[in-house]
file work_12.pdb (PDB, C-alpha atoms)
MODEL        1
ATOM      1  CA  MET A   1     -27.507  23.751  15.200
ATOM      2  CA  GLN A   2     -25.969  22.969  11.850
ATOM      3  CA  PRO A   3     -25.346  19.479  10.434
ATOM      4  CA  ARG A   4     -22.497  20.660   8.221
ATOM      5  CA  PRO A   5     -20.308  23.735   8.370
ATOM      6  CA  ASP A   6     -21.316  26.516   5.980
ATOM      7  CA  PRO A   7     -19.782  25.540   2.628
ATOM      8  CA  GLY A   8     -19.380  29.219   1.846
ATOM      9  CA  LEU A   9     -16.684  29.628   4.465
ATOM     10  CA  PRO A  10     -14.094  26.888   4.184
ATOM     11  CA  THR A  11     -13.014  25.267   7.426
ATOM     12  CA  ARG A  12     -10.890  22.272   8.244
ATOM     13  CA  ASP A  13     -14.080  20.215   8.603
ATOM     14  CA  SER A  14     -15.698  21.267   5.320
ATOM     15  CA  LEU A  15     -16.125  18.511   2.773
ATOM     16  CA  VAL A  16     -13.884  19.191  -0.193
ATOM     17  CA  SER A  17     -16.762  18.670  -2.650
ATOM     18  CA  ASP A  18     -18.974  21.159  -0.762
ATOM     19  CA  ILE A  19     -16.309  23.828  -1.113
ATOM     20  CA  LEU A  20     -15.765  23.105  -4.782
ATOM     21  CA  ASP A  21     -19.492  22.939  -5.548
ATOM     22  CA  ALA A  22     -20.037  26.298  -3.885
ATOM     23  CA  ARG A  23     -16.998  27.960  -5.497
ATOM     24  CA  PRO A  24     -15.460  25.994  -8.374
ATOM     25  CA  ALA A  25     -12.686  28.578  -8.707
ATOM     26  CA  LEU A  26     -11.248  27.377  -5.390
ATOM     27  CA  GLY A  27     -10.090  24.262  -7.241
ATOM     28  CA  ALA A  28      -7.046  26.341  -8.171
ATOM     29  CA  VAL A  29      -5.971  26.396  -4.513
ATOM     30  CA  PHE A  30      -5.753  22.572  -4.507
ATOM     31  CA  LEU A  31      -4.091  22.394  -7.903
ATOM     32  CA  ALA A  32      -1.491  24.967  -6.894
ATOM     33  CA  ARG A  33      -0.469  22.590  -4.092
ATOM     34  CA  GLY A  34      -0.254  19.526  -6.349
ATOM     35  CA  MET A  35      -3.476  18.097  -4.902
ATOM     36  CA  ALA A  36      -5.751  16.048  -7.185
ATOM     37  CA  CYS A  37      -8.979  16.944  -5.320
ATOM     38  CA  PRO A  38     -10.958  18.801  -8.031
ATOM     39  CA  GLY A  39     -13.080  16.215  -9.820
ATOM     40  CA  CYS A  40     -11.973  13.393  -7.530
ATOM     41  CA  ALA A  41     -14.559  10.729  -6.719
ATOM     42  CA  MET A  42     -13.548  10.812  -3.051
ATOM     43  CA  SER A  43     -13.869  14.592  -2.613
ATOM     44  CA  GLY A  44     -17.375  14.068  -1.246
ATOM     45  CA  PHE A  45     -16.010  11.913   1.554
ATOM     46  CA  MET A  46     -13.016  13.869   2.717
ATOM     47  CA  THR A  47     -12.718  17.049   4.703
ATOM     48  CA  VAL A  48     -10.173  19.752   3.940
ATOM     49  CA  GLY A  49      -8.202  18.606   6.990
ATOM     50  CA  GLU A  50      -8.159  14.984   5.824
ATOM     51  CA  ALA A  51      -7.199  15.957   2.285
ATOM     52  CA  ALA A  52      -4.294  18.009   3.619
ATOM     53  CA  GLU A  53      -3.214  15.106   5.825
ATOM     54  CA  SER A  54      -3.294  12.735   2.857
ATOM     55  CA  TYR A  55      -0.658  14.827   1.173
ATOM     56  CA  GLY A  56       1.259  15.605   4.360
ATOM     57  CA  LEU A  57       0.410  19.301   4.108
ATOM     58  CA  PRO A  58      -0.499  21.593   7.014
ATOM     59  CA  ALA A  59      -4.299  21.876   7.121
ATOM     60  CA  GLY A  60      -4.243  25.357   8.655
ATOM     61  CA  GLU A  61      -2.329  26.789   5.728
ATOM     62  CA  LEU A  62      -4.718  25.152   3.233
ATOM     63  CA  VAL A  63      -7.763  26.565   5.037
ATOM     64  CA  ASP A  64      -6.175  30.026   5.091
ATOM     65  CA  ALA A  65      -5.432  29.823   1.363
ATOM     66  CA  LEU A  66      -8.996  28.668   0.625
ATOM     67  CA  ARG A  67     -10.397  31.583   2.613
ATOM     68  CA  ALA A  68      -8.056  34.022   0.878
ATOM     69  CA  ALA A  69      -9.167  32.627  -2.478
ATOM     70  CA  ALA A  70     -12.822  32.884  -1.463
ATOM     71  CA  ALA A  71     -12.073  36.562  -0.801
ATOM     72  CA  GLY A  72     -10.736  36.921  -4.345
ATOM     73  CA  ASP A  73      -7.077  35.903  -4.076
ATOM     74  CA  VAL A  74      -7.256  32.871  -6.397
ATOM     75  CA  PRO A  75      -3.884  31.406  -7.423
ATOM     76  CA  ALA A  76      -3.080  31.389 -11.133
ATOM     77  CA  GLY A  77      -1.562  28.544 -13.142
ATOM     78  CA  PRO A  78       0.510  26.918 -14.457
ATOM     79  CA  PHE A  79       0.076  24.323 -11.744
ATOM     80  CA  PRO A  80       2.652  21.738 -10.629
ATOM     81  CA  PRO A  81       2.158  17.999 -11.188
ATOM     82  CA  THR A  82       0.302  16.060  -8.532
ATOM     83  CA  ARG A  83       2.448  15.529  -5.482
ATOM     84  CA  PRO A  84       3.018  12.147  -3.797
ATOM     85  CA  HIS A  85       0.701  11.353  -0.922
ATOM     86  CA  ALA A  86       1.841  10.904   2.636
ATOM     87  CA  SER A  87       2.672   7.251   3.242
ATOM     88  CA  ALA A  88       2.726   6.402   6.908
ATOM     89  CA  GLU A  89      -0.197   6.534   9.289
ATOM     90  CA  VAL A  90      -0.799  10.120  10.223
ATOM     91  CA  THR A  91       0.334  10.523  13.786
ATOM     92  CA  PRO A  92      -2.201  12.383  15.907
TER
ATOM     93  CA  MET B   1      42.356  -7.051 -42.007
ATOM     94  CA  PRO B   2      40.775  -4.743 -39.472
ATOM     95  CA  GLN B   3      39.788  -1.356 -40.769
ATOM     96  CA  GLY B   4      39.221   1.881 -38.949
ATOM     97  CA  PRO B   5      41.191   4.533 -37.225
ATOM     98  CA  PHE B   6      43.323   2.158 -35.175
ATOM     99  CA  ARG B   7      43.800  -1.465 -34.352
ATOM    100  CA  PRO B   8      42.800  -1.997 -30.740
ATOM    101  CA  ASP B   9      44.468  -4.299 -28.288
ATOM    102  CA  PRO B  10      42.512  -7.538 -27.610
ATOM    103  CA  SER B  11      42.253  -6.392 -23.984
ATOM    104  CA  VAL B  12      39.384  -4.068 -24.969
ATOM    105  CA  LEU B  13      37.264  -7.208 -25.281
ATOM    106  CA  HIS B  14      37.903  -8.285 -21.694
ATOM    107  CA  GLY B  15      34.770  -7.791 -19.649
ATOM    108  CA  MET B  16      32.465  -7.906 -22.676
ATOM    109  CA  ALA B  17      29.865 -10.551 -21.918
ATOM    110  CA  LEU B  18      29.923 -11.907 -25.464
ATOM    111  CA  PHE B  19      33.571 -12.949 -25.218
ATOM    112  CA  ASN B  20      33.639 -14.372 -21.669
ATOM    113  CA  GLY B  21      35.661 -17.569 -21.483
ATOM    114  CA  LEU B  22      37.530 -17.113 -24.779
ATOM    115  CA  ASP B  23      41.205 -18.060 -24.716
ATOM    116  CA  ALA B  24      43.967 -15.728 -25.901
ATOM    117  CA  ALA B  25      43.821 -17.093 -29.446
ATOM    118  CA  GLY B  26      40.049 -16.565 -29.463
ATOM    119  CA  TYR B  27      40.428 -12.963 -28.331
ATOM    120  CA  ALA B  28      43.031 -12.380 -31.028
ATOM    121  CA  ASP B  29      40.685 -13.900 -33.621
ATOM    122  CA  ALA B  30      37.770 -11.773 -32.427
ATOM    123  CA  ILE B  31      39.785  -8.566 -32.562
ATOM    124  CA  ALA B  32      41.195  -9.429 -35.980
ATOM    125  CA  GLN B  33      37.651  -9.740 -37.346
ATOM    126  CA  ALA B  34      36.483  -6.444 -35.884
ATOM    127  CA  ARG B  35      36.355  -2.950 -37.276
ATOM    128  CA  THR B  36      36.689   0.178 -35.218
ATOM    129  CA  ARG B  37      35.103   3.474 -36.026
ATOM    130  CA  ARG B  38      35.103   6.956 -34.578
ATOM    131  CA  ILE B  39      31.671   8.293 -33.801
ATOM    132  CA  VAL B  40      30.708  11.905 -33.293
ATOM    133  CA  ARG B  41      28.167  13.260 -30.910
ATOM    134  CA  GLY B  42      24.654  13.187 -32.352
ATOM    135  CA  GLU B  43      25.538  10.579 -34.970
ATOM    136  CA  VAL B  44      22.897   7.908 -35.583
ATOM    137  CA  ILE B  45      24.748   4.589 -35.401
ATOM    138  CA  PHE B  46      21.767   2.484 -36.387
ATOM    139  CA  THR B  47      18.047   3.022 -36.645
ATOM    140  CA  GLN B  48      15.057   1.109 -35.376
ATOM    141  CA  GLY B  49      13.826  -1.425 -37.929
ATOM    142  CA  ALA B  50      16.985  -1.347 -40.058
ATOM    143  CA  PRO B  51      18.424  -4.794 -40.833
ATOM    144  CA  CYS B  52      21.024  -5.830 -38.269
ATOM    145  CA  ASP B  53      24.169  -5.745 -40.392
ATOM    146  CA  ALA B  54      26.607  -5.476 -37.491
ATOM    147  CA  CYS B  55      27.011  -6.014 -33.741
ATOM    148  CA  HIS B  56      28.450  -3.113 -31.782
ATOM    149  CA  ALA B  57      30.422  -2.470 -28.623
ATOM    150  CA  LEU B  58      31.655   0.810 -27.229
ATOM    151  CA  ILE B  59      35.333   1.405 -26.493
ATOM    152  CA  ASP B  60      34.956   5.022 -25.530
ATOM    153  CA  GLY B  61      32.129   7.525 -25.219
ATOM    154  CA  ARG B  62      28.412   7.181 -24.526
ATOM    155  CA  VAL B  63      25.596   5.941 -26.704
ATOM    156  CA  LYS B  64      21.900   6.435 -26.120
ATOM    157  CA  ILE B  65      19.509   3.612 -27.062
ATOM    158  CA  GLN B  66      16.057   5.001 -27.753
ATOM    159  CA  GLN B  67      12.829   3.683 -29.136
ATOM    160  CA  GLY B  68      10.251   5.645 -31.062
ATOM    161  CA  GLY B  69       6.605   5.013 -30.274
ATOM    162  CA  ALA B  70       3.566   5.171 -32.538
ATOM    163  CA  ASP B  71       2.782   8.573 -30.999
ATOM    164  CA  GLY B  72       6.075   9.994 -32.267
ATOM    165  CA  GLY B  73       7.563  10.199 -28.769
ATOM    166  CA  GLN B  74      11.031   8.873 -27.951
ATOM    167  CA  ALA B  75      11.675   6.640 -24.965
ATOM    168  CA  VAL B  76      15.299   6.319 -23.875
ATOM    169  CA  LEU B  77      15.828   2.656 -23.047
ATOM    170  CA  ARG B  78      19.366   2.806 -21.741
ATOM    171  CA  PHE B  79      22.748   4.488 -21.941
ATOM    172  CA  VAL B  80      25.692   2.432 -23.119
ATOM    173  CA  GLY B  81      29.151   3.089 -21.658
ATOM    174  CA  PRO B  82      32.677   1.902 -22.516
ATOM    175  CA  GLY B  83      33.015  -1.886 -22.524
ATOM    176  CA  GLU B  84      29.313  -2.437 -23.095
ATOM    177  CA  MET B  85      27.743  -4.033 -26.156
ATOM    178  CA  PHE B  86      24.704  -2.752 -28.028
ATOM    179  CA  GLY B  87      22.694  -3.900 -31.008
ATOM    180  CA  THR B  88      24.134  -7.365 -30.409
ATOM    181  CA  LEU B  89      21.083  -9.547 -29.989
ATOM    182  CA  ALA B  90      19.284  -7.976 -32.941
ATOM    183  CA  MET B  91      21.117 -10.434 -35.202
ATOM    184  CA  PHE B  92      18.754 -13.076 -33.842
ATOM    185  CA  MET B  93      15.628 -10.966 -34.363
ATOM    186  CA  ALA B  94      13.597 -10.938 -37.539
ATOM    187  CA  GLY B  95      12.587  -7.289 -37.351
ATOM    188  CA  GLY B  96      16.029  -5.699 -37.408
ATOM    189  CA  TYR B  97      17.346  -3.387 -34.706
ATOM    190  CA  PRO B  98      14.636  -2.867 -32.057
ATOM    191  CA  ALA B  99      15.755   0.696 -31.291
ATOM    192  CA  ASP B 100      17.864   3.636 -32.455
ATOM    193  CA  ALA B 101      21.439   4.061 -31.235
ATOM    194  CA  VAL B 102      22.604   7.674 -31.119
ATOM    195  CA  ALA B 103      26.034   8.840 -29.970
ATOM    196  CA  ALA B 104      25.584  10.996 -26.879
ATOM    197  CA  THR B 105      29.275  11.998 -26.929
ATOM    198  CA  ASP B 106      32.192  11.626 -29.318
ATOM    199  CA  GLY B 107      33.704   8.169 -28.988
ATOM    200  CA  VAL B 108      35.005   5.008 -30.582
ATOM    201  CA  GLU B 109      33.043   1.856 -31.285
ATOM    202  CA  ILE B 110      34.144  -1.609 -32.290
ATOM    203  CA  LEU B 111      31.861  -3.646 -34.527
ATOM    204  CA  TRP B 112      31.575  -6.997 -36.198
ATOM    205  CA  ASP B 113      29.589  -7.476 -39.378
ATOM    206  CA  THR B 114      26.838  -9.998 -38.759
ATOM    207  CA  PRO B 115      28.185 -12.732 -41.123
ATOM    208  CA  VAL B 116      31.629 -12.303 -39.561
ATOM    209  CA  LEU B 117      30.236 -12.724 -36.067
ATOM    210  CA  ARG B 118      28.258 -15.791 -37.140
ATOM    211  CA  ALA B 119      31.442 -17.364 -38.457
ATOM    212  CA  LEU B 120      33.218 -16.397 -35.237
ATOM    213  CA  MET B 121      30.476 -18.137 -33.235
ATOM    214  CA  LEU B 122      30.922 -21.313 -35.260
ATOM    215  CA  ARG B 123      34.685 -21.259 -34.673
ATOM    216  CA  HIS B 124      34.299 -20.411 -30.965
ATOM    217  CA  PRO B 125      31.036 -21.903 -29.687
ATOM    218  CA  VAL B 126      31.501 -20.248 -26.308
ATOM    219  CA  VAL B 127      30.669 -16.944 -28.025
ATOM    220  CA  ALA B 128      27.360 -18.395 -29.202
ATOM    221  CA  LEU B 129      26.666 -19.721 -25.703
ATOM    222  CA  ASN B 130      27.410 -16.278 -24.282
ATOM    223  CA  ALA B 131      24.962 -14.741 -26.728
ATOM    224  CA  LEU B 132      22.328 -17.261 -25.614
ATOM    225  CA  GLU B 133      23.002 -16.386 -22.004
ATOM    226  CA  MET B 134      22.563 -12.677 -22.775
ATOM    227  CA  LEU B 135      19.352 -13.500 -24.611
ATOM    228  CA  GLY B 136      18.123 -15.536 -21.640
ATOM    229  CA  GLY B 137      18.859 -12.641 -19.294
ATOM    230  CA  ARG B 138      16.949 -10.270 -21.540
ATOM    231  CA  LEU B 139      14.009 -12.696 -21.706
ATOM    232  CA  GLN B 140      13.917 -12.935 -17.942
ATOM    233  CA  GLU B 141      13.899  -9.136 -17.607
ATOM    234  CA  MET B 142      11.057  -9.031 -20.079
ATOM    235  CA  GLN B 143       9.012 -11.628 -18.184
ATOM    236  CA  VAL B 144       9.402  -9.707 -14.932
ATOM    237  CA  ARG B 145       8.362  -6.512 -16.688
ATOM    238  CA  VAL B 146       5.287  -8.131 -18.257
ATOM    239  CA  ARG B 147       4.240  -9.496 -14.892
ATOM    240  CA  GLU B 148       4.687  -6.083 -13.289
ATOM    241  CA  LEU B 149       2.668  -4.423 -16.023
ATOM    242  CA  SER B 150      -0.209  -6.884 -15.894
ATOM    243  CA  THR B 151      -0.333  -6.811 -12.085
ATOM    244  CA  ALA B 152      -0.349  -3.023 -12.121
ATOM    245  CA  ARG B 153      -3.193  -3.036 -14.630
ATOM    246  CA  VAL B 154      -5.317  -5.399 -12.553
ATOM    247  CA  GLU B 155      -4.647  -3.362  -9.410
ATOM    248  CA  ARG B 156      -5.706  -0.199 -11.176
ATOM    249  CA  ARG B 157      -8.885  -1.819 -12.468
ATOM    250  CA  ILE B 158      -9.880  -3.032  -9.021
ATOM    251  CA  ALA B 159      -9.051   0.351  -7.463
ATOM    252  CA  ASN B 160     -11.073   2.110 -10.169
ATOM    253  CA  THR B 161     -14.054  -0.136  -9.562
ATOM    254  CA  LEU B 162     -13.988   0.522  -5.822
ATOM    255  CA  VAL B 163     -13.670   4.275  -6.422
ATOM    256  CA  ARG B 164     -16.651   4.123  -8.767
ATOM    257  CA  LEU B 165     -18.696   2.140  -6.253
ATOM    258  CA  ALA B 166     -17.753   4.607  -3.531
ATOM    259  CA  ARG B 167     -18.815   7.559  -5.646
ATOM    260  CA  GLN B 168     -22.116   5.875  -6.356
ATOM    261  CA  ALA B 169     -22.880   4.317  -3.008
ATOM    262  CA  GLY B 170     -20.303   5.546  -0.554
ATOM    263  CA  ARG B 171     -21.168   6.596   2.975
ATOM    264  CA  ARG B 172     -18.822   8.651   5.085
ATOM    265  CA  THR B 173     -18.165   7.061   8.488
ATOM    266  CA  GLU B 174     -15.722   7.627  11.320
ATOM    267  CA  GLU B 175     -13.418   4.935   9.922
ATOM    268  CA  GLY B 176     -13.568   5.914   6.275
ATOM    269  CA  VAL B 177     -15.839   5.528   3.269
ATOM    270  CA  GLU B 178     -18.148   2.548   3.501
ATOM    271  CA  ILE B 179     -19.518   1.056   0.315
ATOM    272  CA  ASP B 180     -23.092   0.836   1.333
ATOM    273  CA  PHE B 181     -24.272  -2.372  -0.254
ATOM    274  CA  PRO B 182     -23.161  -5.971  -0.049
ATOM    275  CA  ILE B 183     -20.482  -6.868  -2.543
ATOM    276  CA  THR B 184     -18.386 -10.008  -2.610
ATOM    277  CA  ARG B 185     -14.857 -10.421  -3.885
ATOM    278  CA  GLN B 186     -16.227 -12.777  -6.493
ATOM    279  CA  GLU B 187     -18.447  -9.951  -7.794
ATOM    280  CA  LEU B 188     -15.524  -7.525  -7.739
ATOM    281  CA  GLY B 189     -13.591 -10.055  -9.798
ATOM    282  CA  GLU B 190     -16.407 -10.238 -12.333
ATOM    283  CA  MET B 191     -16.665  -6.447 -12.508
ATOM    284  CA  THR B 192     -12.943  -6.081 -13.175
ATOM    285  CA  GLY B 193     -12.483  -9.008 -15.517
ATOM    286  CA  THR B 194     -10.263 -10.941 -13.154
ATOM    287  CA  THR B 195     -10.529 -13.828 -10.742
ATOM    288  CA  LEU B 196     -11.613 -14.164  -7.142
ATOM    289  CA  HIS B 197      -8.085 -15.283  -6.375
ATOM    290  CA  THR B 198      -6.553 -12.106  -7.825
ATOM    291  CA  VAL B 199      -9.053  -9.808  -6.124
ATOM    292  CA  SER B 200      -8.319 -11.528  -2.801
ATOM    293  CA  ARG B 201      -4.581 -11.223  -3.254
ATOM    294  CA  VAL B 202      -4.749  -7.540  -4.233
ATOM    295  CA  MET B 203      -7.233  -6.654  -1.485
ATOM    296  CA  SER B 204      -5.174  -8.478   1.141
ATOM    297  CA  GLY B 205      -2.199  -6.363   0.105
ATOM    298  CA  TRP B 206      -4.292  -3.210   0.488
ATOM    299  CA  GLU B 207      -5.622  -4.387   3.847
ATOM    300  CA  ALA B 208      -2.071  -4.866   5.069
ATOM    301  CA  GLN B 209      -1.358  -1.268   4.012
ATOM    302  CA  GLY B 210      -4.493  -0.059   5.799
ATOM    303  CA  ILE B 211      -6.054   1.225   2.581
ATOM    304  CA  VAL B 212      -9.214  -0.886   2.694
ATOM    305  CA  GLU B 213     -10.898  -3.215   5.113
ATOM    306  CA  GLY B 214     -13.208  -5.937   3.905
ATOM    307  CA  GLY B 215     -15.522  -8.495   5.350
ATOM    308  CA  ARG B 216     -17.259 -11.149   3.339
ATOM    309  CA  GLN B 217     -19.736  -8.806   1.707
ATOM    310  CA  HIS B 218     -18.545  -5.453   2.825
ATOM    311  CA  VAL B 219     -15.837  -2.977   1.868
ATOM    312  CA  LEU B 220     -14.611  -0.035   3.896
ATOM    313  CA  VAL B 221     -12.161   2.349   2.264
ATOM    314  CA  ARG B 222      -9.960   3.507   5.108
ATOM    315  CA  LYS B 223      -7.636   5.686   3.036
ATOM    316  CA  PRO B 224      -9.745   7.095   0.198
ATOM    317  CA  HIS B 225      -6.900   9.157  -1.139
ATOM    318  CA  ALA B 226      -4.542   6.187  -1.336
ATOM    319  CA  LEU B 227      -7.144   4.243  -3.323
ATOM    320  CA  VAL B 228      -7.596   7.143  -5.752
ATOM    321  CA  ALA B 229      -3.819   7.361  -6.123
ATOM    322  CA  LEU B 230      -3.784   3.674  -7.128
ATOM    323  CA  ALA B 231      -6.691   4.070  -9.516
ATOM    324  CA  GLU B 232      -5.342   7.183 -11.181
ATOM    325  CA  ASP B 233      -1.692   6.167 -11.127
ATOM    326  CA  LEU B 234      -0.799   9.254  -9.059
ATOM    327  CA  PRO B 235       2.745   9.445  -7.679
ATOM    328  CA  PRO B 236       3.381   6.786  -5.022
ATOM    329  CA  PRO B 237       3.814   7.784  -1.392
ATOM    330  CA  ARG B 238       7.090   9.211  -0.274
ATOM    331  CA  PRO B 239       9.021   6.706   1.842
ATOM    332  CA  ALA B 240       9.278   7.773   5.476
ATOM    333  CA  ALA B 241       7.030  10.794   5.346
ATOM    334  CA  PRO B 242       7.672  13.049   8.312
ATOM    335  CA  ALA B 243       4.887  12.989  10.864
ATOM    336  CA  ALA B 244       2.178  15.086   9.273
ATOM    337  CA  THR B 245       0.045  16.419  12.024
ATOM    338  CA  GLY B 246      -2.256  18.321   9.727
ATOM    339  CA  GLY B 247      -1.084  21.705  11.083
TER
ENDMDL
END
call {"tool": "encode", "arguments": {"input": "work_12.pdb", "output": "structure tokens"}}
result
Amino acid sequence: MQPRPDPGLPTRDSLVSDILDARPALGAVFLARGMACPGCAMSGFMTVGEAAESYGLPAGELVDALRAAAAGDVPAGPFPPTRPHASAEVTP
Amino acid sequence: MPQGPFRPDPSVLHGMALFNGLDAAGYADAIAQARTRRIVRGEVIFTQGAPCDACHALIDGRVKIQQGGADGGQAVLRFVGPGEMFGTLAMFMAGGYPADAVAATDGVEILWDTPVLRALMLRHPVVALNALEMLGGRLQEMQVRVRELSTARVERRIANTLVRLARQAGRRTEEGVEIDFPITRQELGEMTGTTLHTVSRVMSGWEAQGIVEGGRQHVLVRKPHALVALAEDLPPPRPAAPAATGG
């Protein structure tokens, strides 16, 4: 029984801030996708899945990239500018 | 006598806002008082702050109007094309030309020295009225822009305050991030240096967009990311985003 998923192994339900607190280097994965998550006040309230949804990005791909980076495959800069967020309600 | 590489036909003035409503004799007078000049790409036609000694219009080519900021950066204000006037209203401004004009291509311009144009306005008052109309249009543009800027600033301040409150006292719930202490719109207004009325108007707009939800003393941030985007001036949402299912 675990209240939160292990922050060491990123999942779709991990809080973004938990992941970044545990491994700050993973911030590069967000930046490489034009996501403004590192340092964001709301990163403690959003899961990886929700953050991906906000930008209209596939959550599965983001989780895979975070896991790859946790295993050492951290993307290098320069990073693109922040991308626009997804506008409409996210359809389930 | 007109000077310059050639004497243009009065028809080049047709369509120029300054000369709307002139009769044929007026057009002939206006063209007789003008000079034409060839300009080469990259040439600086006038510079920001220089006294407005002439009013310009383009017959051929393209001219870039740009303004230098205190930080040394250049902001391009507009591109002028054939038939358009530039540096015209500066004759009514105390500070000289408000921007630089640089030829973006080779071309030909037609210009009137400021005293000549003043005399022309006295002979043909419709030209002066046209100038006033152009000035009025510019003023209106400016008022809209100022309103947009000040509204955007207030929105950003309110968004920033809510983001700060969420960071400090936010609680994650099923519906979003709840700011976990009672706060009224009046208090939000005081925290952001604006009025209850403005906070209500801005928050109602956000409620309609599903970004926040508020009761009398309670704020729920339904779309945390959208609020951050407002606070940080991140790029606005794409129109008609394809259904993002989150993979």
call {"tool": "closest_atom_pairs", "arguments": {"input": "work_12.pdb", "of": "chain A", "to": "chain B", "cutoff": "9 Å", "atoms": "all atoms listed in the file", "output": "Markdown table"}}
result
| residue | atom | partner | partner_atom | distance |
| --- | --- | --- | --- | --- |
| A:Ala36 | CA | B:Leu234 | CA | 8.6 |
| A:Cys40 | CA | B:Val228 | CA | 7.8 |
| A:Ala41 | CA | B:Arg167 | CA | 5.4 |
| A:Met42 | CA | B:Pro224 | CA | 6.2 |
| A:Ser43 | CA | B:His225 | CA | 9.0 |
| A:Gly44 | CA | B:Arg167 | CA | 8.0 |
| A:Phe45 | CA | B:Arg172 | CA | 5.6 |
| A:Met46 | CA | B:Pro224 | CA | 7.9 |
| A:Gly49 | CA | B:Gly246 | CA | 6.6 |
| A:Glu50 | CA | B:Gly246 | CA | 7.8 |
| A:Ala51 | CA | B:His225 | CA | 7.6 |
| A:Ala52 | CA | B:Gly246 | CA | 6.4 |
| A:Glu53 | CA | B:Gly246 | CA | 5.1 |
| A:Ser54 | CA | B:His225 | CA | 6.5 |
| A:Tyr55 | CA | B:Ala244 | CA | 8.6 |
| A:Gly56 | CA | B:Ala244 | CA | 5.0 |
| A:Leu57 | CA | B:Gly246 | CA | 6.3 |
| A:Pro58 | CA | B:Gly247 | CA | 4.1 |
| A:Ala59 | CA | B:Gly246 | CA | 4.9 |
| A:Gly60 | CA | B:Gly247 | CA | 5.4 |
| A:Glu61 | CA | B:Gly247 | CA | 7.5 |
| A:Thr82 | CA | B:Leu234 | CA | 6.9 |
| A:Arg83 | CA | B:Pro235 | CA | 6.5 |
| A:Pro84 | CA | B:Pro235 | CA | 4.7 |
| A:His85 | CA | B:Pro237 | CA | 4.8 |
| A:Ala86 | CA | B:Pro237 | CA | 5.5 |
| A:Ser87 | CA | B:Pro237 | CA | 4.8 |
| A:Ala88 | CA | B:Ala241 | CA | 6.3 |
| A:Glu89 | CA | B:Ala243 | CA | 8.4 |
| A:Val90 | CA | B:Ala244 | CA | 5.9 |
| A:Thr91 | CA | B:Ala243 | CA | 5.9 |
| A:Pro92 | CA | B:Thr245 | CA | 6.0 |
call {"tool": "resolve_selection", "arguments": {"input": "work_12.pdb", "expression": "the PyMOL selection byres ((chain A and resi 27) around 10)", "output": "VMD selection string"}}
result
chain A and resid 16 to 17 19 to 21 23 to 26 28 to 32 35 to 39 66 69 74 to 75
call {"tool": "closest_residue", "arguments": {"input": "work_12.pdb", "among": "B:Val127, B:Ala159, B:Ala169, B:Val63", "to": "Trp206 in chain B", "atoms": "only C-alpha atoms"}}
result
B:Ala159
call {"tool": "atom_distance", "arguments": {"input": "work_12.pdb", "atom1": "CA of Arg35 in chain B", "atom2": "CA of Val116 in chain B"}}
result
10.7 Å
call {"tool": "atom_distance", "arguments": {"input": "work_12.pdb", "atom1": "CA of Thr198 in chain B", "atom2": "CA of Val154 in chain B"}}
result
8.3 Å
call {"tool": "resolve_selection", "arguments": {"input": "work_12.pdb", "expression": "the PyMOL selection byres ((chain A and resi 11) around 10)", "output": "list of chain:residue names"}}
result
A:Pro5, A:Asp6, A:Pro7, A:Gly8, A:Leu9, A:Pro10, A:Arg12, A:Asp13, A:Ser14, A:Leu15, A:Val16, A:Ile19, A:Thr47, A:Val48, A:Gly49, A:Ala59, A:Gly60, A:Leu62, A:Val63, A:Asp64, A:Leu66, A:Arg67
call {"tool": "write_last_selection", "arguments": {"input": "work_12.pdb", "atoms": "C-alpha atoms", "output": "PDB file, keeping the file's coordinate frame"}}
result
ATOM      1  CA  PRO A   5     -20.308  23.735   8.370  1.00  0.00           C
ATOM      2  CA  ASP A   6     -21.316  26.516   5.980  1.00  0.00           C
ATOM      3  CA  PRO A   7     -19.782  25.540   2.628  1.00  0.00           C
ATOM      4  CA  GLY A   8     -19.380  29.219   1.846  1.00  0.00           C
ATOM      5  CA  LEU A   9     -16.684  29.628   4.465  1.00  0.00           C
ATOM      6  CA  PRO A  10     -14.094  26.888   4.184  1.00  0.00           C
ATOM      7  CA  ARG A  12     -10.890  22.272   8.244  1.00  0.00           C
ATOM      8  CA  ASP A  13     -14.080  20.215   8.603  1.00  0.00           C
ATOM      9  CA  SER A  14     -15.698  21.267   5.320  1.00  0.00           C
ATOM     10  CA  LEU A  15     -16.125  18.511   2.773  1.00  0.00           C
ATOM     11  CA  VAL A  16     -13.884  19.191  -0.193  1.00  0.00           C
ATOM     12  CA  ILE A  19     -16.309  23.828  -1.113  1.00  0.00           C
ATOM     13  CA  THR A  47     -12.718  17.049   4.703  1.00  0.00           C
ATOM     14  CA  VAL A  48     -10.173  19.752   3.940  1.00  0.00           C
ATOM     15  CA  GLY A  49      -8.202  18.606   6.990  1.00  0.00           C
ATOM     16  CA  ALA A  59      -4.299  21.876   7.121  1.00  0.00           C
ATOM     17  CA  GLY A  60      -4.243  25.357   8.655  1.00  0.00           C
ATOM     18  CA  LEU A  62      -4.718  25.152   3.233  1.00  0.00           C
ATOM     19  CA  VAL A  63      -7.763  26.565   5.037  1.00  0.00           C
ATOM     20  CA  ASP A  64      -6.175  30.026   5.091  1.00  0.00           C
ATOM     21  CA  LEU A  66      -8.996  28.668   0.625  1.00  0.00           C
ATOM     22  CA  ARG A  67     -10.397  31.583   2.613  1.00  0.00           C
TER      23      ARG A  67
END
call {"tool": "resolve_selection", "arguments": {"input": "work_12.pdb", "expression": "the PyMOL selection byres ((chain B and resi 30) around 9)", "output": "PyMOL selection string"}}
result
chain B and resi 10+13+19+25-29+31-34+112+117+120
call {"tool": "atom_distance", "arguments": {"input": "work_12.pdb", "atom1": "CA of Pro115 in chain B", "atom2": "CA of Ala54 in chain B"}}
result
8.3 Å
